[in-house]
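This is upload.csv (CSV, C-alpha atoms).
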chain,number,residue,atom,x,y,z
A,1,MET,CA,0.0,0.0,0.0
A,2,LYS,CA,2.9,2.4,0.8
A,3,ILE,CA,4.4,1.8,-2.6
A,4,LEU,CA,1.1,2.3,-4.3
A,5,PHE,CA,0.5,5.5,-2.4
A,6,ASP,CA,4.0,6.8,-3.4
A,7,PHE,CA,3.6,5.9,-7.0
A,8,LEU,CA,0.0,7.2,-7.3
A,9,PRO,CA,0.8,10.5,-8.9
A,10,ILE,CA,3.0,8.7,-11.5
A,11,ILE,CA,0.2,6.2,-12.2
A,12,LEU,CA,-2.3,9.1,-12.6
A,13,PHE,CA,0.2,11.0,-14.8
A,14,PHE,CA,0.5,7.9,-17.0
A,15,GLY,CA,-3.3,7.4,-17.2
A,16,MET,CA,-4.1,11.0,-18.2
A,17,PHE,CA,-1.3,11.1,-20.7
A,18,LYS,CA,-2.4,7.9,-22.4
A,19,TYR,CA,-6.0,9.0,-22.5
A,20,ALA,CA,-5.2,12.4,-23.9
A,21,GLU,CA,-2.8,10.9,-26.4
A,22,GLY,CA,-5.6,8.8,-27.8
A,23,ASN,CA,-8.0,11.7,-27.8
A,24,THR,CA,-5.9,14.6,-29.0
A,25,GLU,CA,-8.7,16.9,-30.2
A,26,TRP,CA,-10.4,16.6,-26.8
A,27,ALA,CA,-7.1,17.1,-25.1
A,28,ALA,CA,-6.2,20.2,-27.0
A,29,ARG,CA,-9.7,21.7,-26.5
A,30,THR,CA,-9.7,20.8,-22.8
A,31,ALA,CA,-6.2,22.1,-22.2
A,32,THR,CA,-7.0,25.3,-23.9
A,33,GLU,CA,-10.1,25.8,-21.9
A,34,TRP,CA,-8.5,24.9,-18.6
A,35,LEU,CA,-5.0,26.2,-19.1
A,36,GLY,CA,-5.3,28.9,-21.8
A,37,PHE,CA,-5.0,31.7,-19.2
A,38,MET,CA,-1.7,30.1,-17.9
A,39,VAL,CA,0.1,29.2,-21.1
A,40,SER,CA,2.1,31.4,-23.4
A,41,GLY,CA,-0.1,32.4,-26.3
A,42,GLY,CA,-3.3,31.2,-24.7
A,43,VAL,CA,-3.8,28.1,-27.1
A,44,VAL,CA,-2.7,24.5,-26.5
A,45,GLY,CA,-2.0,22.4,-29.6
A,46,THR,CA,-2.7,18.7,-30.0
A,47,ALA,CA,1.1,17.8,-29.8
A,48,GLU,CA,1.6,19.3,-26.3
A,49,ALA,CA,-1.8,18.9,-24.8
A,50,PRO,CA,-1.4,15.3,-23.4
A,51,VAL,CA,1.7,16.1,-21.4
A,52,LEU,CA,0.3,19.4,-20.2
A,53,LEU,CA,-2.9,17.8,-18.9
A,54,ALA,CA,-0.9,14.9,-17.3
A,55,THR,CA,1.3,17.5,-15.6
A,56,VAL,CA,-1.7,19.2,-14.1
A,57,VAL,CA,-2.9,15.9,-12.8
A,58,VAL,CA,0.4,15.0,-11.2
A,59,ILE,CA,0.6,18.4,-9.5
A,60,LEU,CA,-2.9,18.0,-8.1
A,61,ALA,CA,-2.3,14.4,-7.1
A,62,THR,CA,0.9,15.2,-5.2
A,63,LEU,CA,-0.9,18.1,-3.4
A,64,ALA,CA,-3.8,15.7,-2.6
A,65,GLN,CA,-1.3,13.3,-1.0
A,66,ILE,CA,-0.1,15.9,1.3
A,67,LEU,CA,-3.6,17.1,2.2
A,68,TRP,CA,-4.7,13.6,2.9
A,69,LEU,CA,-1.7,13.0,5.2
A,70,VAL,CA,-2.4,16.3,7.0
A,71,ALA,CA,-6.0,15.4,7.5
A,72,ARG,CA,-5.0,12.0,8.9
A,73,GLY,CA,-2.5,13.6,11.3
A,74,ARG,CA,0.4,11.7,9.7
A,75,LYS,CA,4.0,12.9,9.3
A,76,ILE,CA,4.9,14.1,5.8
A,77,ASP,CA,8.2,13.0,4.6
A,78,ALA,CA,10.7,15.7,3.5
A,79,MET,CA,10.9,14.0,0.1
A,80,LEU,CA,7.2,14.5,-0.5
A,81,TRP,CA,7.5,18.2,0.2
A,82,ILE,CA,10.5,18.3,-2.2
A,83,SER,CA,8.5,16.4,-4.8
A,84,LEU,CA,5.6,18.8,-4.5
A,85,GLY,CA,8.0,21.8,-4.9
A,86,LEU,CA,9.7,20.3,-7.9
A,87,VAL,CA,6.6,19.2,-9.7
A,88,THR,CA,4.9,22.6,-9.1
A,89,LEU,CA,8.0,24.5,-10.3
A,90,LEU,CA,9.0,22.4,-13.2
A,91,GLY,CA,5.4,21.4,-14.0
A,92,GLY,CA,4.4,25.1,-14.0
A,93,ALA,CA,7.2,25.9,-16.4
A,94,THR,CA,6.1,23.0,-18.6
A,95,ILE,CA,2.6,24.4,-18.8
A,96,TYR,CA,3.6,28.0,-19.4
A,97,PHE,CA,6.2,27.3,-22.0
A,98,HIS,CA,4.4,24.4,-23.7
A,99,SER,CA,7.5,22.3,-23.2
A,100,GLU,CA,7.7,18.9,-21.7
A,101,ALA,CA,11.5,19.4,-21.2
A,102,PHE,CA,10.9,20.9,-17.7
A,103,ILE,CA,8.7,18.1,-16.3
A,104,LYS,CA,11.1,15.5,-17.8
A,105,TRP,CA,13.8,16.8,-15.5
A,106,LYS,CA,11.7,16.3,-12.3
A,107,PRO,CA,12.5,12.6,-11.7
A,108,THR,CA,16.2,13.2,-12.2
A,109,VAL,CA,16.3,16.1,-9.8
A,110,LEU,CA,14.4,14.1,-7.2
A,111,TYR,CA,16.7,11.1,-7.6
A,112,TRP,CA,19.7,13.3,-7.3
A,113,VAL,CA,18.3,15.1,-4.2
A,114,MET,CA,17.7,11.8,-2.5
A,115,GLY,CA,21.1,10.4,-3.4
A,116,GLY,CA,22.8,13.7,-2.5
A,117,ALA,CA,21.1,13.7,0.9
A,118,LEU,CA,22.4,10.2,1.6
A,119,LEU,CA,25.9,11.1,0.4
A,120,VAL,CA,26.1,14.3,2.5
A,121,GLY,CA,24.8,12.5,5.5
A,122,GLN,CA,27.5,9.8,5.2
A,123,LEU,CA,30.5,12.0,4.4
A,124,VAL,CA,29.7,15.3,6.3
A,125,PHE,CA,27.5,14.3,9.2
A,126,LYS,CA,28.8,10.7,9.6
A,127,LYS,CA,25.2,9.5,9.6
A,128,ASN,CA,23.9,6.6,7.5
A,129,GLY,CA,20.5,7.5,6.2
A,130,ILE,CA,19.6,3.9,5.2
A,131,GLN,CA,20.6,2.6,8.6
A,132,LYS,CA,18.5,5.3,10.2
A,133,LEU,CA,15.5,4.1,8.2
A,134,MET,CA,16.0,0.4,8.6
A,135,GLY,CA,18.1,0.0,11.7
A,136,SER,CA,15.3,-0.9,13.9
A,137,GLN,CA,14.3,-3.8,11.7
A,138,LEU,CA,17.8,-5.2,10.8
A,139,SER,CA,20.9,-5.8,12.8
A,140,LEU,CA,24.0,-5.4,10.5
A,141,PRO,CA,27.7,-4.6,10.9
A,142,ASN,CA,28.5,-1.0,10.3
A,143,ASP,CA,30.6,-1.8,7.2
A,144,VAL,CA,27.6,-3.5,5.6
A,145,TRP,CA,25.3,-0.6,6.4
A,146,ARG,CA,27.9,1.6,4.7
A,147,LYS,CA,27.9,-0.5,1.6
A,148,VAL,CA,24.1,-0.5,1.5
A,149,ASN,CA,24.0,3.3,1.8
A,150,TYR,CA,26.5,3.8,-1.0
A,151,SER,CA,24.6,1.3,-3.2
A,152,TRP,CA,21.5,3.4,-2.8
A,153,ILE,CA,23.5,6.6,-3.6
A,154,ALA,CA,24.8,4.9,-6.8
A,155,PHE,CA,21.3,3.7,-7.7
A,156,PHE,CA,19.8,7.1,-7.4
A,157,ALA,CA,22.7,8.7,-9.4
A,158,LEU,CA,22.3,6.1,-12.2
A,159,MET,CA,18.5,6.4,-12.3
A,160,GLY,CA,18.8,10.2,-12.7
A,161,LEU,CA,21.1,9.7,-15.7
A,162,LEU,CA,18.9,7.0,-17.1
A,163,ASN,CA,15.8,9.2,-16.9
A,164,LEU,CA,17.6,12.0,-18.8
A,165,TRP,CA,18.8,9.6,-21.5
A,166,VAL,CA,15.3,8.2,-22.1
A,167,ALA,CA,13.6,11.6,-21.8
A,168,PHE,CA,15.8,13.3,-24.4
A,169,SER,CA,16.7,10.4,-26.7
A,170,PHE,CA,13.2,9.0,-27.2
A,171,SER,CA,9.7,10.2,-27.7
A,172,THR,CA,7.6,11.7,-24.8
A,173,ALA,CA,5.3,8.6,-25.0
A,174,THR,CA,8.3,6.3,-24.5
A,175,TRP,CA,9.5,8.4,-21.6
A,176,VAL,CA,6.0,8.3,-20.0
A,177,ASN,CA,6.1,4.5,-20.3
A,178,PHE,CA,9.6,4.3,-18.8
A,179,LYS,CA,8.6,6.7,-16.0
A,180,LEU,CA,6.1,4.2,-14.7
A,181,PHE,CA,7.1,0.8,-15.8
A,182,GLY,CA,10.8,1.3,-16.1
A,183,GLY,CA,11.2,3.3,-12.9
A,184,LEU,CA,9.0,1.0,-10.8
A,185,GLY,CA,10.5,-2.2,-12.3
A,186,LEU,CA,14.1,-1.1,-11.8
A,187,MET,CA,13.3,-0.1,-8.2
A,188,LEU,CA,11.7,-3.5,-7.4
A,189,LEU,CA,14.7,-5.3,-9.0
A,190,PHE,CA,17.1,-3.2,-6.9
A,191,VAL,CA,15.2,-3.8,-3.7
A,192,MET,CA,15.1,-7.5,-4.4
A,193,ALA,CA,18.9,-7.5,-5.0
A,194,GLN,CA,19.3,-5.6,-1.7
A,195,ALA,CA,17.2,-8.2,0.1
A,196,VAL,CA,19.4,-11.0,-1.1
A,197,PHE,CA,22.5,-9.1,-0.1
A,198,LEU,CA,21.2,-8.2,3.3
A,199,ASN,CA,20.0,-11.7,4.0
A,200,LYS,CA,23.6,-12.9,3.8
A,201,HIS,CA,24.7,-10.4,6.5
A,202,VAL,CA,21.8,-10.3,9.0
A,203,LYS,CA,23.1,-11.0,12.5
A,204,ALA,CA,21.4,-14.0,14.1
Represent the structure contained in this file as structure tokens.
Amino acid sequence: MKILFDFLPIILFFGMFKYAEGNTEWAARTATEWLGFMVSGGVVGTAEAPVLLATVVVILATLAQILWLVARGRKIDAMLWISLGLVTLLGGATIYFHSEAFIKWKPTVLYWVMGGALLVGQLVFKKNGIQKLMGSQLSLPNDVWRKVNYSWIAFFALMGLLNLWVAFSFSTATWVNFKLFGGLGLMLLFVMAQAVFLNKHVKA
């Protein structure tokens, strides 16, 4: 459920993009009606309408996540606030300039922020972010925790680069597919590999 909740904005982004991509005239008309006052020129064409509508959906979905957590009295992770800030800033630029280039940068920036936070914590503050998150559930030697932390740093760095490669080397439709299926699939594979590695080092 936690994974589904975290990926909900991406799933909704994907759903809206695919629907709008298959109904371009509706998408252009709707985007112009809803976003015409926000976009440069006031008119949204069929080519950019799907990604603009999907961007609006992902902004609203991320905001709804935070409001739902607030209403339930739950703690909001710093990464969720950062995600909202990035999707609002880069999504807003995507809408105004009619350019998907801005929203395509959002996953990369988020990956690199998470990896950078783990790296700074390890090198500057001598604190292991992954150990802090999982230490109450697993008992591991410090050197193993360090390896796990650096593996997540490397994973986030590579995912950021991979996102940029797909985003700017292939079509927007391909990037949208990768954003959901590729991102989620690679994350699950990495977590499974981590589980195998950790199982070998768990203290009895």
- [ ] Kindly give the distance, in Å, that separates atom CA of A:Met192 and atom CA of A:Ser139, rounded to a single decimal.
- [x]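 Rounded to one decimal, the two atoms are 18.2 Å apart.
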Open item on the list: Can you measure atom CA of A:Ile59 to atom CA of A:Ser169 for me? One decimal in Å is fine.
Closed with: 24.9 Å
Hey, could you make a per-residue contact list for stretch 3-103 of chain A against stretch 109-129 of chain A with 8 Å as the cut-off, showing the nearest pair of atoms and its distance in Å to one decimal, counting all atoms listed in the file, sorted by chain and number, as JSON lines?
{"residue": "A:Met79", "atom": "CA", "partner": "A:Met114", "partner_atom": "CA", "distance": 7.6}
{"residue": "A:Ile82", "atom": "CA", "partner": "A:Leu110", "partner_atom": "CA", "distance": 7.6}
{"residue": "A:Ser83", "atom": "CA", "partner": "A:Leu110", "partner_atom": "CA", "distance": 6.8}
{"residue": "A:Leu86", "atom": "CA", "partner": "A:Leu110", "partner_atom": "CA", "distance": 7.8}
Open item on the list: as a PyMOL selection string, please: the residues near A:Gly91 (cut-off 7 Å, all atoms listed in the file, same-chain neighbours under 6 positions excluded).
Closed with: chain A and resi 55+102-103
Prev. selection, C-alpha atoms, output as a PDB file, in the frame of the given file:
ATOM      1  CA  THR A  55       1.300  17.500 -15.600  1.00  0.00           C
ATOM      2  CA  PHE A 102      10.900  20.900 -17.700  1.00  0.00           C
ATOM      3  CA  ILE A 103       8.700  18.100 -16.300  1.00  0.00           C
TER       4      ILE A 103
END
Task: Using all atoms listed in the file: which of A:Ala71, A:Val196, A:Ala157, A:Ala61 has the shortest distance to A:Val87 - done: A:Ala61
- [ ] Go through A:Leu164, A:Leu138, A:Ala173, A:Ile130 one by one, measure the shortest atom-to-atom distance of each to A:Tyr150 using only C-alpha atoms, and give the residue with the smallest value.
- [x] A:Ile130
Considering only C-alpha atoms, tabulate each residue of stretch 155-193 of chain A that lies at most 12 Å from stretch 17-40 of chain A along with its nearest interatomic pair and the corresponding distance in Å to one decimal; arrange the rows by chain and ascending residue number and present them as CSV.
residue,atom,partner,partner_atom,distance
A:Thr172,CA,A:Phe17,CA,9.8
A:Ala173,CA,A:Lys18,CA,8.2
A:Thr174,CA,A:Lys18,CA,11.0
A:Trp175,CA,A:Phe17,CA,11.2
A:Val176,CA,A:Phe17,CA,7.8
A:Asn177,CA,A:Lys18,CA,9.4
A:Lys179,CA,A:Phe17,CA,11.8
A:Leu180,CA,A:Phe17,CA,11.8
Task: Top pick for closest residue to A:Gln65, considering A:Phe7, A:Phe168, A:Phe181, A:Trp152 and counting all atoms listed in the file - done: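 So, comparing all the options, the nearest one is A:Phe7.
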Task: Interatomic distance, atom CA of A:Phe14 to atom CA of A:Ala54 (Å, one decimal) - done: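 Result for atom CA of A:Phe14 versus atom CA of A:Ala54: 7.1 Å, one decimal.
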Task: Counting all atoms listed in the file, the residue of A:Leu140, A:Ile95, A:Leu162, A:Leu63 that sits nearest A:Trp81 - done: A:Leu63
Task: Selection near A:Leu84, 7 Å with only C-alpha atoms, sequence-local residues under 4 positions removed, as a list in words - done: Thr62, Leu63, Leu80 and Thr88 of chain A
Restricting the output to C-alpha atoms, write the selected residues as a short mmCIF file (atom, residue, chain, number, x, y, z; two decimals), in the coordinates of the input.
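The new file part.cif reads:
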data_model
loop_
_atom_site.label_atom_id
_atom_site.label_comp_id
_atom_site.auth_asym_id
_atom_site.auth_seq_id
_atom_site.Cartn_x
_atom_site.Cartn_y
_atom_site.Cartn_z
CA THR A 62 0.90 15.20 -5.20
CA LEU A 63 -0.90 18.10 -3.40
CA LEU A 80 7.20 14.50 -0.50
CA THR A 88 4.90 22.60 -9.10
#
Where atoms are missing, can you supply all heavy atoms for stretch 15-26 of chain A and output the lot as an mmCIF file, keeping the file's coordinate frame?
data_model
loop_
_atom_site.group_PDB
_atom_site.id
_atom_site.type_symbol
_atom_site.label_atom_id
_atom_site.label_comp_id
_atom_site.auth_asym_id
_atom_site.auth_seq_id
_atom_site.Cartn_x
_atom_site.Cartn_y
_atom_site.Cartn_z
ATOM 1 N N GLY A 15 -1.911 7.582 -16.714
ATOM 2 C CA GLY A 15 -3.300 7.400 -17.200
ATOM 3 C C GLY A 15 -3.809 8.563 -17.972
ATOM 4 O O GLY A 15 -4.412 8.391 -19.043
ATOM 5 N N MET A 16 -3.597 9.766 -17.460
ATOM 6 C CA MET A 16 -4.100 11.000 -18.200
ATOM 7 C C MET A 16 -3.341 11.137 -19.497
ATOM 8 O O MET A 16 -3.949 11.470 -20.520
ATOM 9 C CB MET A 16 -3.889 12.197 -17.296
ATOM 10 C CG MET A 16 -4.212 13.514 -18.015
ATOM 11 S SD MET A 16 -5.879 13.543 -18.757
ATOM 12 C CE MET A 16 -6.866 13.911 -17.309
ATOM 13 N N PHE A 17 -2.022 10.911 -19.495
ATOM 14 C CA PHE A 17 -1.300 11.100 -20.700
ATOM 15 C C PHE A 17 -1.771 10.119 -21.804
ATOM 16 O O PHE A 17 -1.978 10.511 -22.967
ATOM 17 C CB PHE A 17 0.228 10.845 -20.489
ATOM 18 C CG PHE A 17 1.077 11.017 -21.724
ATOM 19 C CD1 PHE A 17 1.564 12.266 -22.072
ATOM 20 C CD2 PHE A 17 1.361 9.933 -22.552
ATOM 21 C CE1 PHE A 17 2.328 12.436 -23.228
ATOM 22 C CE2 PHE A 17 2.111 10.094 -23.704
ATOM 23 C CZ PHE A 17 2.601 11.349 -24.045
ATOM 24 N N LYS A 18 -1.983 8.853 -21.432
ATOM 25 C CA LYS A 18 -2.400 7.900 -22.400
ATOM 26 C C LYS A 18 -3.811 8.167 -22.937
ATOM 27 O O LYS A 18 -4.084 8.007 -24.132
ATOM 28 C CB LYS A 18 -2.374 6.458 -21.787
ATOM 29 C CG LYS A 18 -0.970 5.933 -21.565
ATOM 30 C CD LYS A 18 -0.198 5.852 -22.873
ATOM 31 C CE LYS A 18 1.202 5.352 -22.700
ATOM 32 N NZ LYS A 18 1.968 5.321 -23.974
ATOM 33 N N TYR A 19 -4.695 8.606 -22.045
ATOM 34 C CA TYR A 19 -6.000 9.000 -22.500
ATOM 35 C C TYR A 19 -6.008 10.152 -23.437
ATOM 36 O O TYR A 19 -6.647 10.142 -24.504
ATOM 37 C CB TYR A 19 -6.946 9.262 -21.297
ATOM 38 C CG TYR A 19 -8.353 9.622 -21.708
ATOM 39 C CD1 TYR A 19 -9.265 8.625 -22.029
ATOM 40 C CD2 TYR A 19 -8.762 10.958 -21.791
ATOM 41 C CE1 TYR A 19 -10.561 8.946 -22.441
ATOM 42 C CE2 TYR A 19 -10.045 11.282 -22.195
ATOM 43 C CZ TYR A 19 -10.936 10.278 -22.513
ATOM 44 O OH TYR A 19 -12.208 10.604 -22.924
ATOM 45 N N ALA A 20 -5.255 11.182 -23.044
ATOM 46 C CA ALA A 20 -5.200 12.400 -23.900
ATOM 47 C C ALA A 20 -4.463 12.103 -25.193
ATOM 48 O O ALA A 20 -4.818 12.665 -26.235
ATOM 49 C CB ALA A 20 -4.449 13.497 -23.112
ATOM 50 N N GLU A 21 -3.481 11.214 -25.163
ATOM 51 C CA GLU A 21 -2.800 10.900 -26.400
ATOM 52 C C GLU A 21 -3.692 10.176 -27.385
ATOM 53 O O GLU A 21 -3.533 10.336 -28.601
ATOM 54 C CB GLU A 21 -1.593 9.933 -26.029
ATOM 55 C CG GLU A 21 -0.659 9.626 -27.189
ATOM 56 C CD GLU A 21 0.449 8.673 -26.801
ATOM 57 O OE1 GLU A 21 0.200 7.745 -25.993
ATOM 58 O OE2 GLU A 21 1.576 8.844 -27.301
ATOM 59 N N GLY A 22 -4.662 9.425 -26.878
ATOM 60 C CA GLY A 22 -5.600 8.800 -27.800
ATOM 61 C C GLY A 22 -6.796 9.619 -28.135
ATOM 62 O O GLY A 22 -7.623 9.211 -28.964
ATOM 63 N N ASN A 23 -6.904 10.796 -27.528
ATOM 64 C CA ASN A 23 -8.000 11.700 -27.800
ATOM 65 C C ASN A 23 -7.442 13.135 -27.931
ATOM 66 O O ASN A 23 -7.741 14.011 -27.115
ATOM 67 C CB ASN A 23 -9.062 11.660 -26.702
ATOM 68 C CG ASN A 23 -9.674 10.289 -26.541
ATOM 69 O OD1 ASN A 23 -10.649 9.936 -27.192
ATOM 70 N ND2 ASN A 23 -9.090 9.473 -25.654
ATOM 71 N N THR A 24 -6.625 13.345 -28.949
ATOM 72 C CA THR A 24 -5.900 14.600 -29.000
ATOM 73 C C THR A 24 -6.726 15.824 -29.231
ATOM 74 O O THR A 24 -6.396 16.901 -28.714
ATOM 75 C CB THR A 24 -4.836 14.493 -30.193
ATOM 76 O OG1 THR A 24 -5.526 14.127 -31.409
ATOM 77 C CG2 THR A 24 -3.771 13.458 -29.883
ATOM 78 N N GLU A 25 -7.824 15.700 -29.981
ATOM 79 C CA GLU A 25 -8.700 16.900 -30.200
ATOM 80 C C GLU A 25 -9.338 17.286 -28.865
ATOM 81 O O GLU A 25 -9.403 18.478 -28.537
ATOM 82 C CB GLU A 25 -9.769 16.556 -31.232
ATOM 83 C CG GLU A 25 -9.229 16.330 -32.637
ATOM 84 C CD GLU A 25 -8.518 17.556 -33.192
ATOM 85 O OE1 GLU A 25 -8.915 18.685 -32.827
ATOM 86 O OE2 GLU A 25 -7.568 17.394 -33.985
ATOM 87 N N TRP A 26 -9.845 16.295 -28.129
ATOM 88 C CA TRP A 26 -10.400 16.600 -26.800
ATOM 89 C C TRP A 26 -9.346 17.183 -25.900
ATOM 90 O O TRP A 26 -9.606 18.149 -25.167
ATOM 91 C CB TRP A 26 -10.954 15.301 -26.172
ATOM 92 C CG TRP A 26 -11.303 15.475 -24.722
ATOM 93 C CD1 TRP A 26 -12.484 15.922 -24.200
ATOM 94 C CD2 TRP A 26 -10.442 15.231 -23.598
ATOM 95 N NE1 TRP A 26 -12.415 15.983 -22.832
ATOM 96 C CE2 TRP A 26 -11.177 15.563 -22.432
ATOM 97 C CE3 TRP A 26 -9.122 14.772 -23.463
ATOM 98 C CZ2 TRP A 26 -10.630 15.439 -21.157
ATOM 99 C CZ3 TRP A 26 -8.585 14.654 -22.190
ATOM 100 C CH2 TRP A 26 -9.334 14.978 -21.050
#
